[in-house]
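Source file: query.cif. Holds: mmCIF, C-alpha atoms.
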data_target
loop_
_atom_site.label_atom_id
_atom_site.label_comp_id
_atom_site.auth_asym_id
_atom_site.auth_seq_id
_atom_site.Cartn_x
_atom_site.Cartn_y
_atom_site.Cartn_z
CA MET A 1 -32.32 -23.55 -42.66
CA VAL A 2 -31.28 -21.40 -39.71
CA GLN A 3 -34.39 -22.50 -37.84
CA THR A 4 -33.58 -26.16 -38.37
CA LEU A 5 -29.98 -25.67 -37.28
CA ARG A 6 -31.05 -23.79 -34.22
CA ARG A 7 -33.55 -26.48 -33.27
CA PHE A 8 -30.90 -29.12 -33.75
CA PHE A 9 -28.39 -27.33 -31.52
CA LEU A 10 -30.99 -26.61 -28.85
CA THR A 11 -31.91 -30.28 -28.77
CA LEU A 12 -28.26 -31.22 -28.45
CA LEU A 13 -27.81 -28.71 -25.67
CA PHE A 14 -30.74 -30.04 -23.70
CA LEU A 15 -29.65 -33.61 -24.23
CA SER A 16 -26.12 -32.92 -23.05
CA ILE A 17 -27.34 -31.05 -19.96
CA SER A 18 -29.82 -33.73 -18.95
CA SER A 19 -27.42 -36.59 -19.60
CA SER A 20 -24.52 -35.00 -17.71
CA ASN A 21 -26.90 -34.27 -14.88
CA THR A 22 -28.02 -37.87 -14.46
CA PHE A 23 -24.43 -38.91 -14.91
CA ALA A 24 -23.34 -36.70 -12.05
CA VAL A 25 -26.13 -38.01 -9.83
CA ASN A 26 -25.35 -41.66 -10.59
CA ALA A 27 -21.61 -41.32 -10.20
CA PRO A 28 -21.33 -41.48 -6.40
CA GLU A 29 -23.67 -44.48 -6.18
CA GLN A 30 -21.61 -46.53 -8.59
CA ASP A 31 -18.57 -45.58 -6.51
CA GLU A 32 -16.17 -45.18 -9.39
CA GLU A 33 -14.16 -42.17 -10.47
CA PRO A 34 -16.26 -40.09 -12.89
CA ILE A 35 -14.81 -39.49 -16.36
CA LEU A 36 -15.47 -35.79 -16.09
CA ASP A 37 -14.69 -34.35 -12.67
CA VAL A 38 -14.93 -30.60 -13.29
CA MET A 39 -14.57 -29.36 -9.74
CA GLY A 40 -11.98 -32.00 -8.90
CA THR A 41 -9.52 -30.42 -11.32
CA VAL A 42 -9.85 -26.97 -9.82
CA ALA A 43 -10.17 -27.98 -6.17
CA ASP A 44 -7.34 -28.22 -3.68
CA HIS A 45 -5.91 -31.72 -3.15
CA ASP A 46 -3.70 -33.58 -0.72
CA TYR A 47 -1.57 -34.82 -3.59
CA LEU A 48 0.50 -33.31 -6.36
CA LYS A 49 -0.22 -34.55 -9.86
CA THR A 50 2.80 -35.07 -12.06
CA PRO A 51 3.09 -36.72 -15.49
CA ALA A 52 4.62 -39.75 -13.73
CA GLY A 53 1.94 -40.11 -11.05
CA LYS A 54 0.62 -38.67 -7.83
CA ILE A 55 2.88 -37.46 -5.04
CA TYR A 56 1.06 -37.45 -1.72
CA LEU A 57 1.69 -34.45 0.49
CA PRO A 58 2.09 -34.19 4.27
CA ARG A 59 -0.87 -33.45 6.53
CA ILE A 60 -0.43 -31.27 9.59
CA PHE A 61 -3.28 -31.02 12.06
CA TYR A 62 -3.68 -28.92 15.15
CA TRP A 63 -6.52 -30.77 16.79
CA GLU A 64 -8.50 -31.09 20.00
CA ASP A 65 -9.59 -34.46 21.34
CA ALA A 66 -12.81 -35.18 23.24
CA SER A 67 -11.32 -34.11 26.58
CA GLY A 68 -10.33 -30.73 25.16
CA GLU A 69 -6.59 -31.36 25.04
CA SER A 70 -5.00 -29.93 21.90
CA THR A 71 -1.99 -31.37 20.10
CA LEU A 72 -0.10 -30.75 16.90
CA ASP A 73 0.41 -33.82 14.73
CA ALA A 74 2.12 -34.21 11.38
CA PHE A 75 1.77 -37.15 9.00
CA LEU A 76 3.61 -37.86 5.80
CA THR A 77 0.42 -38.59 3.83
CA THR A 78 -3.33 -38.76 4.37
CA LYS A 79 -3.08 -42.56 4.32
CA SER A 80 -0.60 -42.64 7.19
CA ALA A 81 -2.81 -40.26 9.14
CA LEU A 82 -5.72 -42.67 8.71
CA SER A 83 -3.69 -45.80 9.46
CA SER A 84 -2.30 -44.28 12.66
CA GLY A 85 -5.78 -44.71 14.12
CA MET A 86 -6.01 -41.14 15.37
CA PHE A 87 -8.14 -39.92 12.47
CA VAL A 88 -11.04 -41.33 10.49
CA GLU A 89 -12.78 -40.25 7.34
CA ASN A 90 -16.41 -39.22 7.80
CA ASP A 91 -19.28 -39.55 5.32
CA GLU A 92 -18.42 -36.32 3.54
CA GLY A 93 -14.82 -37.41 2.96
CA ALA A 94 -13.38 -34.99 5.53
CA ILE A 95 -10.78 -36.08 8.05
CA VAL A 96 -11.95 -35.99 11.69
CA PRO A 97 -10.35 -37.23 14.94
CA ALA A 98 -11.31 -40.84 15.70
CA GLY A 99 -12.29 -40.42 19.36
CA GLY A 100 -14.45 -37.31 18.93
CA GLY A 101 -13.23 -33.74 19.14
CA ALA A 102 -12.39 -31.56 16.20
CA ILE A 103 -9.56 -30.28 14.05
CA VAL A 104 -8.92 -26.73 15.14
CA LEU A 105 -6.46 -25.82 12.44
CA ASP A 106 -5.70 -27.80 9.30
CA MET A 107 -2.25 -26.69 8.25
CA SER A 108 -1.77 -29.44 5.71
CA ILE A 109 0.46 -28.77 2.74
CA THR A 110 -1.80 -28.92 -0.31
CA SER A 111 -1.23 -28.83 -4.04
CA HIS A 112 -2.20 -25.16 -4.29
CA LEU A 113 0.23 -24.25 -1.54
CA ILE A 114 3.03 -26.05 -3.36
CA TYR A 115 2.29 -24.12 -6.54
CA PHE A 116 2.06 -20.91 -4.56
CA TRP A 117 5.53 -21.57 -3.17
CA MET A 118 6.82 -22.52 -6.60
CA GLY A 119 5.48 -19.32 -8.16
CA MET A 120 6.74 -17.02 -5.45
CA GLY A 121 10.01 -18.95 -5.11
CA LEU A 122 10.72 -18.70 -8.82
CA ALA A 123 10.00 -14.96 -8.74
CA VAL A 124 12.41 -14.45 -5.84
CA LEU A 125 15.06 -16.70 -7.40
CA LEU A 126 14.94 -14.89 -10.74
CA THR A 127 15.10 -11.49 -9.08
CA ILE A 128 18.10 -12.47 -6.94
CA MET A 129 19.87 -13.94 -9.96
CA ILE A 130 19.39 -10.80 -12.03
CA ALA A 131 20.23 -8.58 -9.06
CA GLY A 132 23.60 -10.36 -8.88
CA ARG A 133 24.20 -9.45 -12.48
CA TYR A 134 23.41 -5.80 -11.87
CA LYS A 135 25.75 -5.78 -8.89
CA LYS A 136 28.54 -6.94 -11.16
CA GLY A 137 27.77 -4.02 -13.40
CA VAL A 138 26.05 -5.81 -16.27
CA GLY A 139 23.13 -3.60 -17.18
CA ARG A 140 24.52 -0.54 -15.45
CA THR A 141 27.94 0.08 -16.96
CA VAL A 142 27.40 -2.10 -20.02
CA GLU A 143 24.10 -2.99 -21.64
CA PRO A 144 22.16 -6.06 -20.46
CA LYS A 145 23.24 -9.32 -22.07
CA GLY A 146 21.01 -12.04 -23.43
CA ALA A 147 17.30 -12.30 -24.17
CA PHE A 148 16.52 -13.38 -20.62
CA HIS A 149 18.12 -10.39 -18.95
CA ASN A 150 16.58 -8.02 -21.49
CA THR A 151 13.08 -9.42 -20.96
CA PHE A 152 13.50 -9.06 -17.23
CA GLU A 153 14.62 -5.47 -17.56
CA VAL A 154 11.69 -4.61 -19.84
CA LEU A 155 9.25 -6.08 -17.31
CA PHE A 156 10.89 -4.38 -14.37
CA VAL A 157 11.05 -0.98 -16.02
CA PHE A 158 7.42 -1.40 -17.08
CA ILE A 159 6.32 -2.08 -13.50
CA ARG A 160 8.44 0.75 -12.13
CA ASP A 161 7.63 3.44 -14.66
CA ASP A 162 4.12 2.64 -15.83
CA VAL A 163 2.57 0.94 -12.83
CA ALA A 164 4.32 2.40 -9.78
CA ARG A 165 5.37 5.88 -10.88
CA GLY A 166 2.28 6.33 -13.00
CA ASN A 167 -0.11 5.84 -10.09
CA ILE A 168 1.76 6.69 -6.91
CA ASP A 169 3.25 10.11 -6.08
CA ASP A 170 6.72 10.32 -7.54
CA HIS A 171 8.82 10.62 -4.41
CA LYS A 172 6.99 7.69 -2.77
CA ALA A 173 6.64 5.36 -5.76
CA ASP A 174 10.02 3.65 -5.62
CA LYS A 175 9.34 2.37 -2.10
CA TYR A 176 6.50 0.19 -3.45
CA VAL A 177 8.26 -1.17 -6.53
CA PRO A 178 9.63 -4.31 -4.79
CA PHE A 179 6.17 -5.24 -3.54
CA LEU A 180 4.48 -4.60 -6.88
CA PHE A 181 7.13 -6.47 -8.82
CA THR A 182 6.95 -9.48 -6.50
CA MET A 183 3.17 -9.54 -6.91
CA PHE A 184 3.41 -9.28 -10.68
CA MET A 185 6.04 -11.99 -11.11
CA GLY A 186 4.54 -14.29 -8.47
CA ILE A 187 1.02 -14.13 -9.86
CA SER A 188 2.28 -14.48 -13.44
CA PHE A 189 4.21 -17.62 -12.57
CA MET A 190 1.31 -19.08 -10.60
CA ASN A 191 -1.06 -18.42 -13.50
CA LEU A 192 1.38 -19.81 -16.06
CA PHE A 193 2.07 -22.94 -13.98
CA GLY A 194 -1.66 -23.59 -14.11
CA LEU A 195 -1.45 -23.98 -17.89
CA PHE A 196 0.34 -27.31 -17.56
CA PRO A 197 -2.32 -29.98 -18.08
CA TRP A 198 -1.44 -31.81 -14.89
CA ALA A 199 -0.78 -28.78 -12.71
CA ALA A 200 -3.06 -26.92 -10.32
CA THR A 201 -3.64 -23.18 -10.64
CA ALA A 202 -2.87 -21.72 -7.23
CA THR A 203 -4.65 -18.48 -8.13
CA ALA A 204 -7.87 -20.40 -8.87
CA ASP A 205 -8.19 -20.78 -5.11
CA LEU A 206 -9.95 -18.02 -3.18
CA THR A 207 -7.69 -18.46 -0.14
CA VAL A 208 -4.58 -17.69 -2.21
CA THR A 209 -6.01 -14.61 -3.89
CA ALA A 210 -7.54 -13.43 -0.63
CA THR A 211 -4.12 -13.65 1.03
CA LEU A 212 -2.54 -11.64 -1.76
CA ALA A 213 -5.32 -9.06 -1.60
CA PHE A 214 -4.99 -8.90 2.18
CA ILE A 215 -1.32 -7.96 1.83
CA THR A 216 -2.34 -5.15 -0.53
CA PHE A 217 -5.01 -4.13 1.96
CA LEU A 218 -2.49 -3.89 4.82
CA ILE A 219 0.02 -1.93 2.75
CA THR A 220 -2.72 0.44 1.59
CA GLN A 221 -3.86 1.16 5.14
CA PHE A 222 -0.36 1.60 6.51
CA SER A 223 0.65 3.99 3.75
CA GLY A 224 -2.52 6.06 4.20
CA THR A 225 -1.86 9.74 4.83
CA ARG A 226 -3.78 12.07 7.09
CA ASP A 227 -5.82 13.16 4.11
CA TYR A 228 -6.78 9.59 3.29
CA TRP A 229 -8.24 8.99 6.72
CA GLY A 230 -9.71 12.47 6.68
CA HIS A 231 -11.57 11.66 3.49
CA ILE A 232 -12.93 8.49 5.06
CA PHE A 233 -14.12 9.80 8.40
CA TRP A 234 -14.80 13.47 7.69
CA PHE A 235 -15.19 14.09 3.98
CA PRO A 236 -14.14 17.66 3.22
CA GLY A 237 -16.31 20.07 1.35
CA VAL A 238 -19.76 18.57 1.91
CA PRO A 239 -22.57 19.47 4.35
CA THR A 240 -22.42 17.72 7.71
CA TRP A 241 -25.52 15.56 7.20
CA VAL A 242 -24.04 14.16 4.00
CA ARG A 243 -20.99 13.08 6.00
CA PHE A 244 -23.16 10.70 8.03
CA ILE A 245 -24.02 8.93 4.78
CA LEU A 246 -20.57 9.16 3.27
CA THR A 247 -18.58 7.83 6.22
CA PRO A 248 -20.17 4.33 6.28
CA VAL A 249 -19.87 4.16 2.51
CA GLU A 250 -16.20 5.12 2.64
CA ILE A 251 -15.50 2.62 5.43
CA LEU A 252 -17.20 -0.07 3.36
CA GLY A 253 -15.10 1.03 0.41
CA ILE A 254 -11.88 0.20 2.28
CA PHE A 255 -12.92 -3.45 2.38
CA THR A 256 -14.66 -3.83 -0.96
CA LYS A 257 -11.56 -2.81 -2.92
CA PRO A 258 -9.33 -5.72 -1.84
CA PHE A 259 -12.35 -8.02 -1.87
CA ALA A 260 -13.00 -7.25 -5.52
CA LEU A 261 -9.28 -7.67 -6.19
CA ALA A 262 -9.33 -11.19 -4.75
CA ILE A 263 -12.56 -12.21 -6.49
CA ARG A 264 -11.41 -10.86 -9.86
CA LEU A 265 -8.23 -12.91 -9.98
CA PHE A 266 -9.88 -16.00 -8.51
CA ALA A 267 -12.86 -16.03 -10.85
CA ASN A 268 -10.80 -15.30 -13.94
CA MET A 269 -8.47 -18.21 -13.34
CA LEU A 270 -11.26 -20.54 -12.23
CA SER A 271 -13.49 -19.79 -15.21
CA GLY A 272 -10.60 -20.25 -17.63
CA LYS A 273 -9.91 -23.68 -16.22
CA ILE A 274 -13.57 -24.72 -16.14
CA MET A 275 -14.06 -23.52 -19.73
CA ILE A 276 -11.24 -25.74 -21.02
CA ILE A 277 -12.57 -28.77 -19.14
CA ALA A 278 -16.13 -28.14 -20.31
CA ILE A 279 -15.14 -27.86 -23.96
CA LEU A 280 -12.95 -30.95 -23.83
CA GLY A 281 -15.72 -32.66 -21.88
CA LEU A 282 -18.06 -32.22 -24.86
CA ILE A 283 -16.10 -35.03 -26.52
CA PHE A 284 -17.01 -37.46 -23.76
CA ILE A 285 -20.61 -36.27 -23.53
CA PHE A 286 -21.07 -36.78 -27.28
CA ALA A 287 -19.29 -40.12 -27.24
CA ASP A 288 -21.55 -41.21 -24.40
CA LEU A 289 -24.73 -40.08 -26.18
CA PHE A 290 -24.19 -40.92 -29.85
CA GLY A 291 -21.31 -43.38 -29.86
CA SER A 292 -17.62 -43.04 -30.44
CA VAL A 293 -17.91 -41.69 -34.02
CA ALA A 294 -19.76 -38.58 -32.81
CA GLY A 295 -17.20 -38.19 -30.05
CA MET A 296 -14.36 -38.32 -32.54
CA SER A 297 -15.92 -35.78 -34.88
CA VAL A 298 -16.66 -33.41 -32.01
CA SER A 299 -13.06 -33.77 -30.84
CA ILE A 300 -11.88 -32.00 -34.02
CA PHE A 301 -13.93 -28.96 -33.06
CA SER A 302 -13.17 -29.23 -29.34
CA VAL A 303 -9.42 -29.62 -29.65
CA THR A 304 -9.14 -26.71 -32.10
CA LEU A 305 -11.12 -24.49 -29.78
CA THR A 306 -9.02 -25.58 -26.81
CA VAL A 307 -5.80 -24.65 -28.62
CA VAL A 308 -7.21 -21.19 -29.32
CA LEU A 309 -8.39 -20.88 -25.72
CA TYR A 310 -4.95 -21.87 -24.44
CA ALA A 311 -3.37 -19.07 -26.42
CA LEU A 312 -5.95 -16.75 -24.90
CA LYS A 313 -5.20 -18.10 -21.43
CA VAL A 314 -1.51 -17.27 -21.72
CA PHE A 315 -2.54 -13.71 -22.48
CA VAL A 316 -5.12 -13.66 -19.68
CA ALA A 317 -2.59 -15.05 -17.19
CA LEU A 318 -0.25 -12.13 -17.79
CA LEU A 319 -3.09 -9.61 -18.08
CA GLN A 320 -4.60 -10.62 -14.75
CA ALA A 321 -1.23 -10.38 -13.03
CA TYR A 322 -0.86 -6.91 -14.56
CA ILE A 323 -4.36 -5.86 -13.49
CA PHE A 324 -3.82 -7.10 -9.94
CA THR A 325 -0.56 -5.16 -9.75
CA LEU A 326 -2.02 -2.08 -11.40
CA LEU A 327 -5.03 -1.95 -9.10
CA SER A 328 -2.79 -2.51 -6.07
CA ALA A 329 -0.72 0.46 -7.22
CA VAL A 330 -3.85 2.56 -7.79
CA PHE A 331 -5.22 1.79 -4.32
CA ILE A 332 -1.88 2.48 -2.65
CA GLY A 333 -1.53 5.62 -4.74
CA MET A 334 -4.95 6.87 -3.65
CA ALA A 335 -4.09 6.28 -0.01
CA ALA A 336 -0.58 7.73 -0.13
CA GLU A 337 -1.48 10.77 -2.20
CA ASP A 338 -0.54 14.18 -0.83
CA HIS A 339 -3.43 16.58 -1.26
CA HIS A 340 -2.70 20.21 -1.67
CA HIS A 341 -5.20 21.64 0.69
CA SER A 342 -4.39 25.23 0.02
CA GLU A 343 -5.61 24.69 -3.53
CA GLU A 344 -8.61 22.33 -3.41
CA GLY A 345 -9.68 21.37 0.10
CA TYR A 346 -10.13 24.72 1.76
CA HIS A 347 -11.48 26.23 -1.39
CA THR A 348 -14.32 23.73 -1.74
CA GLU A 349 -14.98 23.93 2.00
CA HIS A 350 -15.53 27.67 1.67
CA ILE A 351 -17.88 27.30 -1.23
CA ALA A 352 -19.92 24.65 0.58
CA GLU A 353 -20.38 26.60 3.78
CA MET B 1 -33.90 -25.25 -10.29
CA GLY B 2 -30.42 -24.19 -9.28
CA LEU B 3 -29.16 -25.07 -12.77
CA LEU B 4 -31.90 -22.97 -14.37
CA ALA B 5 -31.13 -20.01 -12.11
CA ALA B 6 -27.42 -20.35 -12.80
CA GLY B 7 -27.99 -20.42 -16.55
CA ILE B 8 -30.24 -17.36 -16.58
CA GLY B 9 -27.92 -15.58 -14.16
CA ALA B 10 -24.85 -16.29 -16.26
CA GLY B 11 -26.66 -14.92 -19.30
CA ILE B 12 -27.61 -11.69 -17.56
CA VAL B 13 -24.09 -11.31 -16.17
CA ALA B 14 -22.62 -11.71 -19.64
CA LEU B 15 -25.16 -9.19 -20.99
CA GLY B 16 -24.25 -6.57 -18.40
CA ALA B 17 -20.52 -7.05 -18.73
CA GLY B 18 -20.78 -7.04 -22.51
CA ILE B 19 -22.66 -3.74 -22.59
CA GLY B 20 -20.27 -2.18 -20.09
CA ILE B 21 -17.04 -3.27 -21.73
CA GLY B 22 -18.49 -2.50 -25.16
CA MET B 23 -19.15 1.07 -24.11
CA ILE B 24 -15.62 1.38 -22.76
CA GLY B 25 -14.25 0.04 -26.03
CA LYS B 26 -16.40 2.48 -27.99
CA GLY B 27 -15.24 5.40 -25.90
CA ALA B 28 -11.61 4.37 -26.06
CA THR B 29 -11.51 3.83 -29.81
CA GLU B 30 -13.29 7.12 -30.44
CA SER B 31 -10.86 8.97 -28.20
CA ILE B 32 -7.86 7.32 -29.84
CA ALA B 33 -9.25 8.26 -33.26
CA ARG B 34 -9.58 11.86 -32.16
CA GLN B 35 -6.27 12.05 -30.36
CA PRO B 36 -3.91 9.31 -31.55
CA GLU B 37 -0.97 10.73 -29.58
CA ALA B 38 -2.73 9.96 -26.27
CA SER B 39 -3.42 6.33 -27.19
CA GLY B 40 -1.08 4.94 -24.50
CA ASP B 41 -2.84 6.72 -21.65
CA ILE B 42 -6.26 5.91 -23.03
CA ARG B 43 -5.40 2.23 -23.36
CA GLY B 44 -4.26 2.09 -19.74
CA ALA B 45 -7.44 3.76 -18.53
CA MET B 46 -9.48 1.42 -20.72
CA ILE B 47 -7.94 -1.72 -19.24
CA LEU B 48 -8.36 -0.36 -15.72
CA THR B 49 -12.04 0.48 -16.18
CA ALA B 50 -12.72 -2.81 -17.94
CA ALA B 51 -11.14 -4.60 -14.97
CA PHE B 52 -13.59 -2.90 -12.62
CA ILE B 53 -16.58 -4.02 -14.67
CA GLU B 54 -15.13 -7.48 -15.03
CA GLY B 55 -14.77 -7.72 -11.26
CA VAL B 56 -18.47 -7.08 -10.71
CA ALA B 57 -19.42 -9.45 -13.53
CA LEU B 58 -17.23 -12.22 -12.17
CA LEU B 59 -18.81 -11.77 -8.76
CA GLY B 60 -22.07 -12.71 -10.43
CA ALA B 61 -20.40 -15.55 -12.31
CA VAL B 62 -19.05 -17.02 -9.07
CA ILE B 63 -22.56 -17.00 -7.62
CA CYS B 64 -23.78 -18.79 -10.76
CA ILE B 65 -21.10 -21.46 -10.32
CA LEU B 66 -22.11 -21.91 -6.69
CA LEU B 67 -25.76 -22.24 -7.73
CA ALA B 68 -24.98 -24.74 -10.49
CA LEU B 69 -22.96 -26.92 -8.14
CA GLY B 70 -25.59 -26.69 -5.44
CA ILE B 71 -23.15 -25.47 -2.82
CA GLY B 72 -24.82 -24.00 0.22
CA GLN B 73 -28.07 -25.94 -0.01
#

Could you render the structure from this file as structure tokens?
Amino acid sequence: MVQTLRRFFLTLLFLSISSSNTFAVNAPEQDEEPILDVMGTVADHDYLKTPAGKIYLPRIFYWEDASGESTLDAFLTTKSALSSGMFVENDEGAIVPAGGGAIVLDMSITSHLIYFWMGMGLAVLLTIMIAGRYKKGVGRTVEPKGAFHNTFEVLFVFIRDDVARGNIDDHKADKYVPFLFTMFMGISFMNLFGLFPWAATATADLTVTATLAFITFLITQFSGTRDYWGHIFWFPGVPTWVRFILTPVEILGIFTKPFALAIRLFANMLSGKIMIIAILGLIFIFADLFGSVAGMSVSIFSVTLTVVLYALKVFVALLQAYIFTLLSAVFIGMAAEDHHHSEEGYHTEHIAE
Amino acid sequence: MGLLAAGIGAGIVALGAGIGIGMIGKGATESIARQPEASGDIRGAMILTAAFIEGVALLGAVICILLALGIGQ
């Protein structure tokens, strides 16, 4: 029984893979929009999808023409950029200057950038709103009012006490709370915006997460104490020849930490999105292979699973924001830590030598 | 060929991450059972360590996605 079932599922699996493969190959030749565009839903676009339709976004190019003269041009949409005659679309679908030359810097406003602004803007707006309440004394002299204010206070106190003060030295921790809280709220909102069926997840873009990780990287380096740099370039308490191995490793470690931070958030959000599309896509694959009845019966299974996955994604969205913030705090805490050399450093140095 | 490599790679990545996170879960639940009063600290450390493993696993998963889509060929 199990054997038969397994054989059946394996056959289905192979069929679906091979059919989707040929489908993907044939799609560009037929020149129509494919039913299932997995990467299209996670990629950055020049338009904003809304339930009502697409809103096209402005394109800003800093470009160099054939003679080497560089200009900055802004267009309302991609279409107007093409119809102005200055730019053409090449075979790969990229925009290039019509008379030769190249685009030096593409500063176009894209869908991910819009959602990035929305996430960060909402975080700032909320914080300013609540800060106004605290200034009036609500929450300080009397207790916070309303579910909204209470939720905010719980989150803020969690970030301050558990994340910041738990990982950074006490007298320094409060300095980093604004940064950590902005990161937490901003990333949470960006992740949660991505749960709308029409919306783009800004954090499923490596450029966004890399920017966020780069900010953490800068703050970590600038808050590094003498001990931090000492541990990187001249590790205390080990023989000198070991230091020649340790120093490159430690220098590499400075860069791998924010790199892993960026990749973690990016891949988590991307895989969540792809998983939903793939499971919903099973409906279309089955309908294509075995007719609409099979598609309908698979949709019962697919839609149920998607609902469960969506609940999981809400949790993952908040968890990833928390992990990003927590790891930022840990890295900053490691850099800003005051070592007590009289206790450990010199002691181990003496033992080693 | 890229699809095959991506499939096998994704499987191995899931295997590694599963073993790693499973061991963390085992350690954490055992420690909580021994010392229930420290469960808050242990849970925090558990999530942190799991995040590290997840990061490495997702690095592999990203490469699998790139392979499957044939980017870079």

Target residues per the PyMOL selection byres ((chain B) within 12 of (chain A)), formatted as a compact mmCIF listing (two decimals) with C-alpha atoms, in the frame of the given file:
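Now in selection_10.txt:
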# COMPACT_ATOMS: atom_id res chain seq x y z
CA LEU B 3 -29.16 -25.07 -12.77
CA LEU B 4 -31.90 -22.97 -14.37
CA GLY B 7 -27.99 -20.42 -16.55
CA ALA B 10 -24.85 -16.29 -16.26
CA GLY B 40 -1.08 4.94 -24.50
CA ASP B 41 -2.84 6.72 -21.65
CA GLY B 44 -4.26 2.09 -19.74
CA ALA B 45 -7.44 3.76 -18.53
CA MET B 46 -9.48 1.42 -20.72
CA ILE B 47 -7.94 -1.72 -19.24
CA LEU B 48 -8.36 -0.36 -15.72
CA THR B 49 -12.04 0.48 -16.18
CA ALA B 50 -12.72 -2.81 -17.94
CA ALA B 51 -11.14 -4.60 -14.97
CA PHE B 52 -13.59 -2.90 -12.62
CA ILE B 53 -16.58 -4.02 -14.67
CA GLU B 54 -15.13 -7.48 -15.03
CA GLY B 55 -14.77 -7.72 -11.26
CA VAL B 56 -18.47 -7.08 -10.71
CA ALA B 57 -19.42 -9.45 -13.53
CA LEU B 58 -17.23 -12.22 -12.17
CA LEU B 59 -18.81 -11.77 -8.76
CA GLY B 60 -22.07 -12.71 -10.43
CA ALA B 61 -20.40 -15.55 -12.31
CA VAL B 62 -19.05 -17.02 -9.07
CA ILE B 63 -22.56 -17.00 -7.62
CA CYS B 64 -23.78 -18.79 -10.76
CA ILE B 65 -21.10 -21.46 -10.32
CA LEU B 66 -22.11 -21.91 -6.69
CA ALA B 68 -24.98 -24.74 -10.49
CA LEU B 69 -22.96 -26.92 -8.14
CA ILE B 71 -23.15 -25.47 -2.82

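Near Ala102 of chain A, within a cut-off of 8 Å and counting all atoms listed in the file, sit the residues Trp63, Glu64, Asp65, Ala66, Val96 and Pro97 of chain A, with same-chain residues fewer than 3 positions away left out.
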
* To do: Name all residues at most 10 Å from Thr182 of chain A (count only C-alpha atoms; drop same-chain ones fewer than 2 positions away) and give them as a list of chain:residue names.
  => A:Met120, A:Ala123, A:Val124, A:Thr127, A:Val177, A:Pro178, A:Phe179, A:Leu180, A:Phe184, A:Met185, A:Gly186, A:Ile187, A:Ser188, A:Thr325

* Structure fact -> Taken to one decimal, the atom CA of Ile114 of chain A-atom CA of Ala321 of chain A distance is 18.9 Å

* Asked: If you count all atoms listed in the file, which residues fall within 12 Å of Leu312 of chain A, apart from same-chain ones fewer than 4 positions away, as a PyMOL selection string?
  -> chain A and resi 192+195+269+272-273+275-276+305-308+316-320

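A straight line drawn from atom CA of Phe235 of chain A to atom CA of Gly253 of chain A is 13.5 Å long.
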
* Using atom CA of Thr216 of chain A and atom CA of Met183 of chain A as the two end points, give the distance in Å to one decimal. => 9.5 Å

* To do: Apply the PyMOL selection byres ((chain A and resi 143-154) around 10) to the file shown and report the selected residues as a ChimeraX atom specification.
  => /A:126-127,129-130,133-134,137-142,155-160

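When the PyMOL selection byres ((chain B and resi 20-31) around 8) is run on the displayed coordinates, the residues it returns are Gly16, Ala17, Gly18, Ile19, Ile32, Ala33, Arg34, Gln35, Pro36, Ser39, Ile42, Arg43, Met46, Thr49, Ala50 and Ile53 of chain B.
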